[in-house]
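Okay, coords-v6.cif is below, mmCIF, C-alpha atoms:
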data_input
loop_
_atom_site.label_atom_id
_atom_site.label_comp_id
_atom_site.auth_asym_id
_atom_site.auth_seq_id
_atom_site.Cartn_x
_atom_site.Cartn_y
_atom_site.Cartn_z
CA MET A 204 -20.66 -13.72 -49.09
CA SER A 205 -20.62 -12.47 -45.49
CA ARG A 206 -21.35 -8.84 -44.79
CA HIS A 207 -18.23 -6.70 -44.49
CA VAL A 208 -17.73 -4.39 -41.48
CA VAL A 209 -15.07 -1.65 -41.56
CA VAL A 210 -13.91 -0.60 -38.10
CA VAL A 211 -12.00 2.67 -37.71
CA GLY A 212 -9.92 2.66 -34.53
CA ALA A 213 -8.14 -0.21 -32.78
CA GLY A 214 -8.91 0.80 -29.21
CA VAL A 215 -10.98 -1.39 -26.92
CA THR A 216 -14.35 -0.55 -28.55
CA GLY A 217 -13.04 -1.11 -32.07
CA LEU A 218 -11.21 -4.34 -31.25
CA LEU A 219 -14.03 -5.89 -29.22
CA THR A 220 -16.53 -4.90 -31.92
CA ALA A 221 -14.29 -6.66 -34.42
CA VAL A 222 -14.17 -9.74 -32.18
CA ARG A 223 -17.94 -9.81 -31.78
CA CYS A 224 -18.54 -9.33 -35.52
CA ALA A 225 -16.03 -12.02 -36.44
CA ARG A 226 -17.66 -14.46 -34.01
CA ALA A 227 -20.95 -13.74 -35.79
CA GLY A 228 -19.38 -14.76 -39.12
CA LEU A 229 -18.94 -11.27 -40.55
CA ARG A 230 -15.90 -10.10 -42.50
CA VAL A 231 -14.04 -7.37 -40.66
CA THR A 232 -11.36 -4.83 -41.60
CA VAL A 233 -9.81 -2.83 -38.76
CA LEU A 234 -7.88 0.34 -39.61
CA ASP A 235 -5.76 2.39 -37.24
CA SER A 236 -3.36 5.27 -37.76
CA GLY A 237 -0.71 3.60 -35.62
CA PRO A 238 0.36 0.07 -34.74
CA VAL A 239 -2.29 -2.43 -33.66
CA PRO A 240 -2.65 -2.31 -30.72
CA ASN A 241 -1.63 1.33 -30.58
CA PRO A 242 0.29 2.53 -27.48
CA ALA A 243 -1.05 6.03 -28.14
CA ALA A 244 -4.69 4.92 -27.92
CA THR A 245 -6.77 6.15 -25.00
CA SER A 246 -7.53 2.50 -24.18
CA HIS A 247 -3.85 1.69 -23.73
CA ASP A 248 -2.98 1.62 -20.03
CA GLU A 249 -2.10 -0.82 -17.29
CA HIS A 250 -5.54 -1.03 -15.72
CA ARG A 251 -9.13 0.19 -15.64
CA ALA A 252 -11.76 -0.18 -12.93
CA ILE A 253 -14.91 -2.21 -13.48
CA ARG A 254 -17.90 -1.83 -11.18
CA ALA A 255 -21.69 -1.87 -11.40
CA LEU A 256 -23.21 -0.04 -8.43
CA ASP A 257 -24.92 3.28 -9.05
CA PRO A 258 -26.50 4.04 -5.64
CA GLY A 259 -29.02 6.39 -7.21
CA ASP A 260 -30.22 4.15 -10.04
CA VAL A 261 -31.40 0.55 -9.74
CA ALA A 262 -31.84 0.09 -13.49
CA ALA A 263 -28.36 1.39 -14.28
CA SER A 264 -26.83 -0.85 -11.61
CA ARG A 265 -28.67 -3.88 -12.95
CA ALA A 266 -27.57 -3.13 -16.51
CA SER A 267 -23.95 -2.62 -15.45
CA ALA A 268 -23.94 -5.93 -13.56
CA VAL A 269 -24.03 -7.63 -16.96
CA LEU A 270 -20.53 -6.30 -17.59
CA HIS A 271 -19.10 -8.60 -14.92
CA ARG A 272 -20.29 -11.64 -16.86
CA ARG A 273 -19.31 -10.24 -20.25
CA TRP A 274 -15.69 -9.69 -19.20
CA LEU A 275 -15.47 -13.19 -17.75
CA GLU A 276 -16.84 -14.57 -21.02
CA LEU A 277 -14.26 -12.57 -22.97
CA GLU A 278 -11.46 -14.07 -20.89
CA SER A 279 -12.66 -17.48 -22.04
CA VAL A 280 -13.05 -16.45 -25.69
CA LEU A 281 -9.68 -14.71 -25.92
CA GLY A 282 -7.86 -17.28 -23.82
CA THR A 283 -6.21 -14.73 -21.52
CA ARG A 284 -6.78 -13.73 -17.90
CA PHE A 285 -7.11 -9.97 -17.60
CA TYR A 286 -9.85 -9.42 -15.01
CA ARG A 287 -8.46 -9.05 -11.47
CA ARG A 288 -11.51 -9.63 -9.30
CA VAL A 289 -10.18 -7.75 -6.29
CA GLY A 290 -13.38 -5.78 -5.70
CA VAL A 291 -14.00 -2.04 -5.65
CA VAL A 292 -14.52 -0.03 -2.47
CA THR A 293 -16.06 3.43 -2.71
CA GLY A 294 -16.56 6.09 -0.09
CA TRP A 295 -20.09 7.37 0.56
CA PRO A 296 -21.66 9.60 3.22
CA ALA A 297 -22.45 7.40 6.20
CA ASP A 298 -26.12 8.41 6.16
CA ALA A 299 -26.46 7.28 2.53
CA VAL A 300 -25.13 3.75 2.98
CA ASP A 301 -28.41 2.02 3.88
CA ALA A 302 -30.16 3.43 0.81
CA ALA A 303 -27.25 2.38 -1.40
CA LEU A 304 -27.37 -1.15 0.00
CA GLU A 305 -31.09 -1.33 -0.81
CA VAL A 306 -30.37 -0.29 -4.41
CA ALA A 307 -27.63 -2.91 -4.66
CA ALA A 308 -29.90 -5.66 -3.31
CA GLU A 309 -32.71 -4.75 -5.72
CA ALA A 310 -30.26 -4.68 -8.64
CA GLY A 311 -28.66 -8.00 -7.68
CA VAL A 312 -25.22 -6.46 -7.14
CA PRO A 313 -23.32 -8.01 -4.17
CA VAL A 314 -22.26 -5.08 -1.97
CA SER A 315 -21.37 -4.84 1.71
CA ALA A 316 -20.69 -1.93 4.03
CA VAL A 317 -17.15 -1.70 5.38
CA ALA A 318 -15.45 0.60 7.83
CA PRO A 319 -12.80 2.86 6.28
CA GLU A 320 -10.45 1.62 9.01
CA LYS A 321 -10.27 -1.68 7.14
CA TYR A 322 -8.15 0.15 4.57
CA PRO A 323 -5.69 2.10 6.73
CA HIS A 324 -3.48 3.08 3.79
CA LEU A 325 -6.29 4.92 1.99
CA ARG A 326 -7.87 8.21 2.95
CA PHE A 327 -11.64 8.57 2.84
CA PRO A 328 -13.60 11.82 3.17
CA ALA A 329 -14.52 12.75 6.72
CA GLY A 330 -17.81 11.21 7.82
CA SER A 331 -17.89 8.61 5.06
CA ALA A 332 -18.28 4.84 5.07
CA GLY A 333 -17.14 2.29 2.53
CA LEU A 334 -19.19 0.20 0.11
CA LEU A 335 -17.38 -2.89 -1.14
CA GLU A 336 -18.59 -4.32 -4.44
CA VAL A 337 -17.40 -7.92 -4.62
CA ASP A 338 -18.07 -8.73 -8.29
CA ALA A 339 -15.85 -5.92 -9.47
CA GLY A 340 -12.18 -5.06 -9.70
CA VAL A 341 -9.55 -4.18 -12.24
CA LEU A 342 -9.24 -4.87 -15.95
CA LEU A 343 -5.65 -5.21 -17.14
CA ALA A 344 -6.21 -2.93 -20.10
CA ASP A 345 -3.07 -3.64 -22.11
CA ARG A 346 -3.65 -7.38 -21.81
CA VAL A 347 -7.20 -6.96 -23.10
CA LEU A 348 -5.97 -5.18 -26.23
CA ASP A 349 -3.11 -7.62 -26.81
CA ALA A 350 -5.39 -10.64 -26.38
CA ALA A 351 -8.01 -9.23 -28.77
CA VAL A 352 -5.37 -8.56 -31.43
CA ARG A 353 -3.88 -12.06 -31.09
CA TRP A 354 -7.34 -13.59 -31.47
CA LEU A 355 -8.23 -11.42 -34.45
CA ARG A 356 -5.00 -12.28 -36.27
CA GLU A 357 -6.02 -15.93 -36.23
CA GLN A 358 -9.41 -15.31 -37.86
CA PRO A 359 -9.57 -15.84 -41.65
CA LEU A 360 -12.36 -13.27 -42.06
CA VAL A 361 -10.43 -10.47 -40.30
CA VAL A 362 -7.91 -8.05 -41.78
CA LEU A 363 -5.91 -5.75 -39.49
CA ARG A 364 -4.44 -2.69 -41.19
CA PRO A 365 -2.04 -0.85 -38.87
CA ARG A 366 -0.54 2.53 -39.80
CA CYS A 367 -3.46 3.16 -42.12
CA ALA A 368 -4.89 6.50 -41.09
CA VAL A 369 -8.42 7.40 -42.17
CA ARG A 370 -8.92 10.97 -43.37
CA GLU A 371 -12.60 10.85 -44.37
CA VAL A 372 -15.73 8.86 -43.58
CA ASP A 373 -18.62 8.71 -46.07
CA ALA A 374 -21.45 7.88 -43.69
CA ASP A 375 -24.03 7.58 -46.46
CA ALA A 376 -22.00 5.16 -48.57
CA ALA A 377 -20.49 3.14 -45.67
CA ALA A 378 -16.98 3.84 -46.94
CA VAL A 379 -13.78 5.43 -45.66
CA VAL A 380 -10.89 7.12 -47.43
CA THR A 381 -7.39 6.55 -46.08
CA ALA A 382 -4.62 9.12 -45.89
CA ASP A 383 -3.01 7.68 -49.02
CA GLY A 384 -6.24 8.00 -51.01
CA LEU A 385 -7.48 4.41 -50.84
CA THR A 386 -11.25 3.93 -50.52
CA VAL A 387 -12.34 1.03 -48.30
CA ARG A 388 -15.99 0.11 -48.66
CA GLY A 389 -18.09 -2.06 -46.41
CA ASP A 390 -21.65 -3.06 -45.78
CA ALA A 391 -21.26 -1.18 -42.52
CA VAL A 392 -18.75 1.21 -40.94
CA VAL A 393 -18.05 1.65 -37.24
CA VAL A 394 -16.05 4.73 -36.18
CA ALA A 395 -14.50 4.05 -32.77
CA ALA A 396 -11.44 6.29 -32.82
CA GLY A 397 -11.92 7.76 -29.37
CA PRO A 398 -11.19 11.50 -29.17
CA TRP A 399 -9.87 11.38 -32.74
CA SER A 400 -13.41 10.53 -33.92
CA ARG A 401 -14.17 14.27 -33.74
CA GLU A 402 -11.97 14.77 -36.81
CA LEU A 403 -13.91 12.22 -38.88
CA VAL A 404 -17.59 12.42 -37.96
CA ASP A 405 -19.97 15.07 -36.70
CA VAL A 406 -20.82 13.55 -33.34
CA PRO A 407 -21.27 16.01 -30.45
CA THR A 408 -18.63 15.35 -27.79
CA VAL A 409 -16.83 17.16 -25.03
CA LEU A 410 -13.07 16.60 -24.77
CA HIS A 411 -11.38 16.19 -21.40
CA ARG A 412 -7.76 15.94 -20.37
CA GLN A 413 -6.90 13.72 -17.41
CA VAL A 414 -3.66 13.02 -15.57
CA THR A 415 -2.82 9.74 -13.85
CA VAL A 416 0.11 9.13 -11.53
CA TYR A 417 1.96 5.82 -11.03
CA LEU A 418 3.66 4.92 -7.78
CA ARG A 419 5.64 2.21 -6.02
CA PRO A 420 4.52 1.41 -2.45
CA PRO A 421 7.10 1.01 0.31
CA ASP A 422 8.48 -2.52 0.53
CA ASP A 423 6.87 -3.28 3.90
CA LEU A 424 3.40 -2.60 2.43
CA ALA A 425 3.84 -4.65 -0.77
CA HIS A 426 1.92 -7.62 0.66
CA TRP A 427 -1.02 -5.46 1.77
CA TRP A 428 -1.28 -3.77 -1.60
CA ALA A 429 -1.16 -7.12 -3.43
CA GLY A 430 -4.61 -7.92 -2.02
CA ALA A 431 -6.08 -4.41 -1.99
CA PRO A 432 -9.24 -3.54 -3.92
CA SER A 433 -9.61 -0.74 -6.41
CA ALA A 434 -11.05 2.34 -4.72
CA GLY A 435 -13.13 5.33 -5.68
CA ARG A 436 -14.59 8.48 -4.15
CA ILE A 437 -11.57 8.60 -1.84
CA GLY A 438 -9.16 11.32 -0.78
CA ASP A 439 -9.99 14.22 1.47
CA ASP A 440 -12.35 15.64 -1.14
CA GLY A 441 -13.82 12.29 -2.27
CA ARG A 442 -12.83 12.90 -5.90
CA ALA A 443 -9.94 10.46 -6.33
CA TRP A 444 -9.73 6.96 -7.79
CA LEU A 445 -7.08 4.33 -7.15
CA TRP A 446 -6.07 1.16 -8.95
CA PRO A 447 -3.97 -1.28 -6.87
CA PRO A 448 -0.74 -2.87 -8.06
CA GLY A 449 -0.72 -6.53 -9.02
CA ASP A 450 0.01 -8.93 -11.88
CA GLY A 451 2.85 -6.71 -13.04
CA THR A 452 0.97 -3.39 -12.81
CA GLN A 453 1.80 -0.37 -10.71
CA LEU A 454 -0.25 1.51 -8.16
CA LYS A 455 -2.16 4.22 -10.04
CA ILE A 456 -4.04 7.27 -8.77
CA SER A 457 -6.13 9.90 -10.47
CA SER A 458 -8.55 12.56 -9.35
CA ALA A 459 -11.37 14.64 -10.75
CA THR A 460 -9.42 17.66 -9.54
CA LEU A 461 -6.94 16.95 -12.35
CA CYS A 462 -9.55 16.68 -15.08
CA ARG A 463 -10.11 19.65 -17.36
CA GLU A 464 -12.35 20.28 -20.34
CA VAL A 465 -10.11 21.28 -23.24
CA ALA A 466 -10.57 22.41 -26.82
CA ALA A 467 -7.89 20.18 -28.33
CA MET A 468 -5.52 17.39 -27.44
CA GLY A 469 -1.96 18.04 -26.44
CA GLU A 470 -2.39 20.88 -23.95
CA ASP A 471 0.28 20.91 -21.25
CA ALA A 472 -0.45 19.49 -17.79
CA GLU A 473 2.97 20.03 -16.23
CA GLY A 474 3.05 20.29 -12.47
CA TRP A 475 -0.22 18.51 -11.79
CA THR A 476 1.53 15.50 -10.26
CA ASP A 477 2.38 17.64 -7.24
CA ARG A 478 -1.22 18.78 -6.94
CA LEU A 479 -2.36 15.17 -6.82
CA ALA A 480 0.19 14.42 -4.12
CA LEU A 481 -1.33 17.18 -2.03
CA SER A 482 -4.86 15.78 -2.35
CA SER A 483 -4.13 13.33 0.47
CA VAL A 484 -5.32 10.18 -1.25
CA LEU A 485 -2.83 7.97 0.58
CA ALA A 486 -1.80 7.84 4.19
CA ASP A 487 1.94 8.45 4.56
CA TRP A 488 2.22 9.75 0.99
CA GLU A 489 5.88 10.60 1.45
CA ARG A 490 6.75 6.89 1.70
CA TYR A 491 5.61 6.21 -1.87
CA THR A 492 7.82 6.68 -4.91
CA VAL A 493 6.32 8.39 -7.96
CA THR A 494 7.47 6.32 -10.96
CA GLY A 495 5.72 8.28 -13.69
CA SER A 496 2.62 10.11 -14.86
CA ARG A 497 0.50 10.10 -17.97
CA THR A 498 -1.68 12.69 -19.63
CA CYS A 499 -4.57 11.27 -21.62
CA HIS A 500 -7.65 12.62 -23.34
CA TYR A 501 -11.14 11.24 -23.52
CA ALA A 502 -14.39 12.30 -25.13
CA VAL A 503 -17.92 11.99 -23.76
CA ASP A 504 -21.44 12.87 -24.80
CA PRO A 505 -22.10 16.50 -23.76
CA VAL A 506 -25.55 15.67 -22.35
CA THR A 507 -25.18 12.29 -20.66
CA GLY A 508 -21.46 12.40 -19.89
CA GLY A 509 -21.25 8.82 -21.15
CA GLY A 510 -20.54 7.12 -24.42
CA GLU A 511 -23.50 7.00 -26.74
CA VAL A 512 -23.55 4.88 -29.88
CA VAL A 513 -24.82 7.14 -32.65
CA ARG A 514 -26.10 6.05 -36.04
CA ILE A 515 -24.77 8.68 -38.45
CA GLY A 516 -25.74 7.05 -41.74
CA PRO A 517 -27.82 4.17 -43.13
CA SER A 518 -25.08 1.70 -42.22
CA THR A 519 -22.58 3.80 -40.28
CA TRP A 520 -22.23 4.04 -36.51
CA ALA A 521 -19.93 6.05 -34.27
CA ARG A 522 -18.88 5.75 -30.69
CA ALA A 523 -16.53 8.56 -29.82
CA ALA A 524 -16.49 7.92 -26.07
CA SER A 525 -13.28 6.79 -24.45
CA GLY A 526 -11.72 6.71 -21.00
CA GLY A 527 -12.51 4.44 -18.07
CA ASP A 528 -16.26 4.21 -18.54
CA GLY A 529 -15.82 3.67 -22.26
CA PHE A 530 -13.45 0.81 -21.50
CA ARG A 531 -15.56 -1.06 -18.97
CA THR A 532 -18.71 -0.87 -21.12
CA ALA A 533 -16.96 -1.88 -24.35
CA PRO A 534 -18.23 -5.50 -24.41
CA VAL A 535 -21.91 -4.57 -24.32
CA VAL A 536 -21.36 -1.71 -26.77
CA ALA A 537 -19.60 -4.12 -29.14
CA GLU A 538 -22.47 -6.55 -28.80
CA ARG A 539 -25.04 -3.91 -29.62
CA ILE A 540 -23.08 -2.64 -32.64
CA ALA A 541 -22.51 -6.15 -33.96
CA GLU A 542 -26.20 -6.93 -33.73
CA GLU A 543 -27.11 -3.78 -35.64
CA VAL A 544 -24.50 -4.04 -38.38
CA GLY A 545 -25.10 -7.74 -38.88
CA THR A 546 -28.78 -7.37 -39.73
#
For the structure just supplied, provide its representation as structure tokens.
Amino acid sequence: MSRHVVVVGAGVTGLLTAVRCARAGLRVTVLDSGPVPNPAATSHDEHRAIRALDPGDVAASRASAVLHRRWLELESVLGTRFYRRVGVVTGWPADAVDAALEVAAEAGVPVSAVAPEKYPHLRFPAGSAGLLEVDAGVLLADRVLDAAVRWLREQPLVVLRPRCAVREVDADAAAVVTADGLTVRGDAVVVAAGPWSRELVDVPTVLHRQVTVYLRPPDDLAHWWAGAPSAGRIGDDGRAWLWPPGDGTQLKISSATLCREVAAMGEDAEGWTDRLALSSVLADWERYTVTGSRTCHYAVDPVTGGGEVVRIGPSTWARAASGGDGFRTAPVVAERIAEEVGT
């Protein structure tokens, strides 16, 4: 009989790990405290950015370039288009552009320098230039989750168990105990419950709260925005990120100025929408209509600031990271986990 993998958490890491394990012929049970997919999950959103260039690290840029291919492969596997290849433009000090282009060339990441004037509706920091990464863009996050769930429901070796909260993980025995007292055993357990992982396993993480704002552009700019890239390191302070509207999604903005380390989820962030408006991310801000905002939480490794996969038992792994970086790297993380649990 095939090895049995129990996945705790139906966010992007949990679902893509389940997909990868099922494709390898493993039996999979996915448990989540809410519906599957869960609108309350950190992964649930209209869009996430995907990019590869790290101007200070050739190896990291080369490794991240693999993500471009993995997401295209997933579109084929899941039978759904969710990768908007609109590119990502980032602002960098003008005197650092040549060095960044050398890193991109060595890493095999297609990048070109662009003048900020090419994007008149965005604000870049004074004295900066733009770097446009072509093989990059926006992942339609909700579509990714929906497509993964549809695919998993069709697999005879996969069981999805929504509204089945896990209260305890036995890392040594590769077993979990649900809120109603049921023990689910596997040959391997993967805990991928995002910031909620902290309640189940002892994995060092730092919890952050972030606020994103959704907007509607003025009608006369709708055509320009339909072809706009995602953008990062923008705004007067170079700390903002922007996801363009398209394929039914809204324009979305966030900024590092709105991110706070917090002790627990649920802390109030009222009034921060106005602070983002004042950060001058967009030219002619007053012409845009704020349609909503969202407060979300994400966890990262306290040392690396990323999302480490940690082996916490003989056959138990945990990945508590969530947020944008956790989303874009999910395919390669799922691949690594599936290879380890399948051996």
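Considering all atoms listed in the file, the residue among A:Thr245, A:Thr507, A:Ser264, A:Thr220 positioned nearest to Glu542 (chain A) is A:Thr220.
Residue selection for this entry, given the PyMOL selection byres ((chain A and resi 393-406) around 6), comprises A:Val210, A:Val211, A:Gly212, A:Gly217, A:Glu371, A:Val392, A:Pro407, A:Tyr501, A:Ala502, A:Thr519, A:Trp520, A:Ala521, A:Arg522, A:Ala523, A:Ala524, A:Ser525.
The residues caught by the PyMOL selection byres ((chain A and resi 221) around 9) in this file are Val208, Val209, Val210, Thr216, Gly217, Leu218, Leu219, Thr220, Val222, Arg223, Cys224, Ala225, Arg226, Leu229, Arg230, Val231, Thr232, Val233, Ala351, Leu355, Val361, Ala537 and Ala541 of chain A.
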Sorted by chain and rising residue number, which residues of region 287-357 of chain A lie within 8 Å of region 419-442 of chain A, and what are their closest atom pairs and distances in Å to one decimal, counting all atoms listed in the file, as a Markdown table?
| residue | atom | partner | partner_atom | distance |
| --- | --- | --- | --- | --- |
| A:Val289 | CA | A:Pro432 | CA | 4.9 |
| A:Gly290 | CA | A:Pro432 | CA | 5.0 |
| A:Val291 | CA | A:Ser433 | CA | 4.6 |
| A:Val292 | CA | A:Ala434 | CA | 4.8 |
| A:Thr293 | CA | A:Gly435 | CA | 4.6 |
| A:Gly294 | CA | A:Arg436 | CA | 5.1 |
| A:Trp295 | CA | A:Arg436 | CA | 7.3 |
| A:Leu325 | CA | A:Ile437 | CA | 7.5 |
| A:Arg326 | CA | A:Gly438 | CA | 5.0 |
| A:Phe327 | CA | A:Ile437 | CA | 4.7 |
| A:Pro328 | CA | A:Asp439 | CA | 4.7 |
| A:Ala329 | CA | A:Asp439 | CA | 7.1 |
| A:Gly340 | CA | A:Ser433 | CA | 6.0 |
| A:Val341 | CA | A:Ser433 | CA | 6.8 |
Go ahead and dump the residues you just picked, C-alpha atoms, as a PDB file, in the frame of the given file.
ATOM      1  CA  VAL A 289     -10.180  -7.750  -6.290  1.00  0.00           C
ATOM      2  CA  GLY A 290     -13.380  -5.780  -5.700  1.00  0.00           C
ATOM      3  CA  VAL A 291     -14.000  -2.040  -5.650  1.00  0.00           C
ATOM      4  CA  VAL A 292     -14.520  -0.030  -2.470  1.00  0.00           C
ATOM      5  CA  THR A 293     -16.060   3.430  -2.710  1.00  0.00           C
ATOM      6  CA  GLY A 294     -16.560   6.090  -0.090  1.00  0.00           C
ATOM      7  CA  TRP A 295     -20.090   7.370   0.560  1.00  0.00           C
ATOM      8  CA  LEU A 325      -6.290   4.920   1.990  1.00  0.00           C
ATOM      9  CA  ARG A 326      -7.870   8.210   2.950  1.00  0.00           C
ATOM     10  CA  PHE A 327     -11.640   8.570   2.840  1.00  0.00           C
ATOM     11  CA  PRO A 328     -13.600  11.820   3.170  1.00  0.00           C
ATOM     12  CA  ALA A 329     -14.520  12.750   6.720  1.00  0.00           C
ATOM     13  CA  GLY A 340     -12.180  -5.060  -9.700  1.00  0.00           C
ATOM     14  CA  VAL A 341      -9.550  -4.180 -12.240  1.00  0.00           C
TER      15      VAL A 341
END
Requested in this report: Report as a ChimeraX atom specification the full result of the PyMOL selection byres ((chain A and resi 236) around 12) when it is applied to this structure.
Outcome: /A:211-214,233-235,237-244,363-370,381-383,396,399-400
Report task. Counting only C-alpha atoms, figure out which residue out of A:Leu348, A:Val362, A:Ala374, A:Leu343 gets nearest to Pro448 (chain A). Result -> A:Leu343
Query raised in the report: What does the distance between CA of Gly451 (chain A) and CA of Leu270 (chain A) come to in Å, to one decimal place?
Result: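 Distance between the two atoms: 23.8 Å.
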Query - Using all atoms listed in the file: which of A:Ala332, A:Gly495, A:Tyr286, A:Ser279 has the shortest distance to Asp298 (chain A) - result: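 Nearest candidate to Asp298 (chain A) out of A:Ala332, A:Gly495, A:Tyr286, A:Ser279: A:Ala332.
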Requested in this report: Name all residues at most 6 Å from Thr408 (chain A) (count only C-alpha atoms; drop same-chain ones fewer than 3 positions away) and give them as number ranges by chain.
Outcome: A: 502-505
Query - Nearest residue to Val261 (chain A) from the set A:Gly510, A:Pro517, A:Pro359, A:Gly311 (distances using all atoms listed in the file) - result: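 Checking each candidate against Val261 (chain A), we get A:Gly311 as the closest.
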Query raised in the report: Which one is closest to Val416 (chain A): A:Ser496, A:Leu281, A:Glu309, A:Ser458? Count only C-alpha atoms.
Result: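 Using only C-alpha atoms, the shortest distance to Val416 (chain A) belongs to A:Ser496.
The shortest atom-to-atom distance to Phe285 (chain A), with all atoms listed in the file taken into account, belongs to A:Ala344 out of A:Ala316, A:Ala262, A:Ala344, A:Leu334.
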**Report entry** Test item: which residues lie within 10 Å of (-13.6, 25.4, -22.6) counting all atoms listed in the file, as a list in words
**Finding:**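 Those within range, by chain then number, are Val409, Leu410, His411, Arg463, Glu464, Val465, Ala466 and Ala467 of chain A.
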